[in-house]
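Asker: What follows is a single structure, and I will ask about it in a moment.
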Amino acid sequence: MKSLVVYSSQTGNTQKLAQAVYETLSGEKEISSIADAPDPDGYDFIAIGFWLQAGKPDPRASEYFSKIITNKRLFLFATHGAAPGSDHVKNAMTYARGLVSNADRIDTFSCLGEVNPGVLEKIKAKPEPPVWAANAGEAIGHPDDADIIEIKQVITSLFL
């Protein structure tokens with residue numbers, strides 16, 4: 001099996017998860033930032049990591065999703081400052097799945113990712129900050145060792 005791991009990361013959070021996915025995969029594999037990502041054609045399994053922006057995958061990841069053609073097995077993974085399991089996260093992951101609904105199989109994973117303090121300060125200063133901002137403090141230090149172990153377990157379980 002030929003695998004590709006592609007990630008979009010601003011602060012290094014999603015890159016940490018991408019590296020964990022890459023290390024866990026066996027066989028022929030490649031890892032790339034989204035800026036240098038190859039055409040996804042020719043890969044059997046594609047893992048795409050992104051961060052959430054306004055409740056959706058970041059723009060660069062969303063653009064890359066449009067390159068995915070049918071007959072692909074996908075793994076989408078995301079980092080975010082929102083509370084795990086919140087409607088914000090659920091809706092964002094559902095939206096991401098919808099962008100690649102033509103894939104054969106789509107598995108997902110998401111976890112907290114520390115929000116850039118400067119960005120968080122600007123967001124909290126808004127008259128009506130987004131709902132997720134109230135939970136962003138919980139994301140400090142994430143993804144942590146437990147998050148890395150969890151994503152590795154998920155990847156391992158996909159190929160058992």
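In the structure tokens, the first chain shown is A, the next is B, and so on; residue numbers restart at 1 for each chain, and ligands run from 1 in the order shown.
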Enumerate, in order of chain and increasing residue number, the residues of segment 23-63 of chain A with an atom no farther than 7 Å from segment 83-101 of chain A, each with its shortest atom pair and distance in Å to one decimal, counting only C-alpha atoms, as JSON lines.

Answerer:
{"residue": "A:Gly55", "atom": "CA", "partner": "A:Ala92", "partner_atom": "CA", "distance": 5.1}
{"residue": "A:Lys56", "atom": "CA", "partner": "A:Ala92", "partner_atom": "CA", "distance": 4.9}
{"residue": "A:Pro57", "atom": "CA", "partner": "A:Ala96", "partner_atom": "CA", "distance": 6.4}

Asker: Hey, what's within 6 Å of Lys2 of chain A if we count only C-alpha atoms and toss same-chain stuff fewer than 3 positions away? As a PyMOL selection string, please?

Answerer: chain A and resi 28-29+43-44

Asker: Would you list the contacts of Met1 of chain A as a list of chain:residue names, taking every protein, DNA or RNA residue within 12 Å and counting only C-alpha atoms, but skipping same-chain residues closer than 3 positions in sequence?

Answerer: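 Result of the neighbour search: A:Leu4, A:Leu25, A:Ser26, A:Gly27, A:Glu28, A:Lys29, A:Glu30, A:Gly42, A:Tyr43, A:Asp44, A:Phe45, A:Ile46, A:Lys72, A:Arg73, A:Phe159.
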
Asker: Give the helix (DSSP H, G or I) residues of segment 8-89 of chain A, as DSSP finds them on the backbone, and put them as a JSON list (two decimals) with C-alpha atoms, in the first residue's frame.

Answerer:
[["chain", "number", "residue", "atom", "x", "y", "z"],
["A", 13, "ASN", "CA", 0.09, 21.28, 16.31],
["A", 14, "THR", "CA", -1.21, 19.52, 13.22],
["A", 15, "GLN", "CA", 2.34, 18.79, 12.10],
["A", 16, "LYS", "CA", 2.91, 16.83, 15.34],
["A", 17, "LEU", "CA", -0.11, 14.67, 14.57],
["A", 18, "ALA", "CA", 0.99, 14.24, 10.96],
["A", 19, "GLN", "CA", 4.39, 12.99, 12.09],
["A", 20, "ALA", "CA", 2.71, 10.50, 14.44],
["A", 21, "VAL", "CA", 0.49, 9.22, 11.60],
["A", 22, "TYR", "CA", 3.50, 8.91, 9.32],
["A", 23, "GLU", "CA", 5.54, 7.01, 11.93],
["A", 24, "THR", "CA", 2.68, 4.58, 12.49],
["A", 34, "ILE", "CA", 0.19, 21.15, 2.25],
["A", 35, "ALA", "CA", 2.27, 23.81, 0.49],
["A", 36, "ASP", "CA", 4.43, 21.11, -1.13],
["A", 59, "PRO", "CA", -8.52, 27.24, 3.41],
["A", 60, "ARG", "CA", -5.36, 25.49, 2.18],
["A", 61, "ALA", "CA", -6.63, 22.10, 3.34],
["A", 62, "SER", "CA", -10.06, 22.74, 1.85],
["A", 63, "GLU", "CA", -8.43, 23.52, -1.47],
["A", 64, "TYR", "CA", -6.41, 20.29, -1.34],
["A", 65, "PHE", "CA", -9.59, 18.29, -0.66],
["A", 87, "ASP", "CA", -21.04, 20.82, 18.24],
["A", 88, "HIS", "CA", -18.41, 23.15, 16.79],
["A", 89, "VAL", "CA", -15.98, 20.25, 16.32]]

Asker: Need the shell around segment 74-77 of chain A: protein/DNA/RNA residues with any atom at most 7 Å away, counting only C-alpha atoms. Skip same-chain ones fewer than 4 positions apart. Format as number ranges by chain?

Answerer: A: 45-50, 103, 105-110

Asker: Which of these residues is nearest to Ala78 of chain A, using only C-alpha atoms: A:Leu112, A:Ala54, A:Ala139, A:Ala125?

Answerer: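 Of the candidates, the smallest distance to Ala78 of chain A is held by A:Leu112.
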
Asker: At what distance in Å, to one decimal, does atom CA of Gly81 of chain A lie from atom CA of Ala136 of chain A?

Answerer: 4.6 Å

Asker: A:Gly141, A:Ser3, A:Ala134, A:Lys152: which is nearest Glu121 of chain A, counting only C-alpha atoms?

Answerer: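 Closest to Glu121 of chain A of all the choices is A:Ala134.
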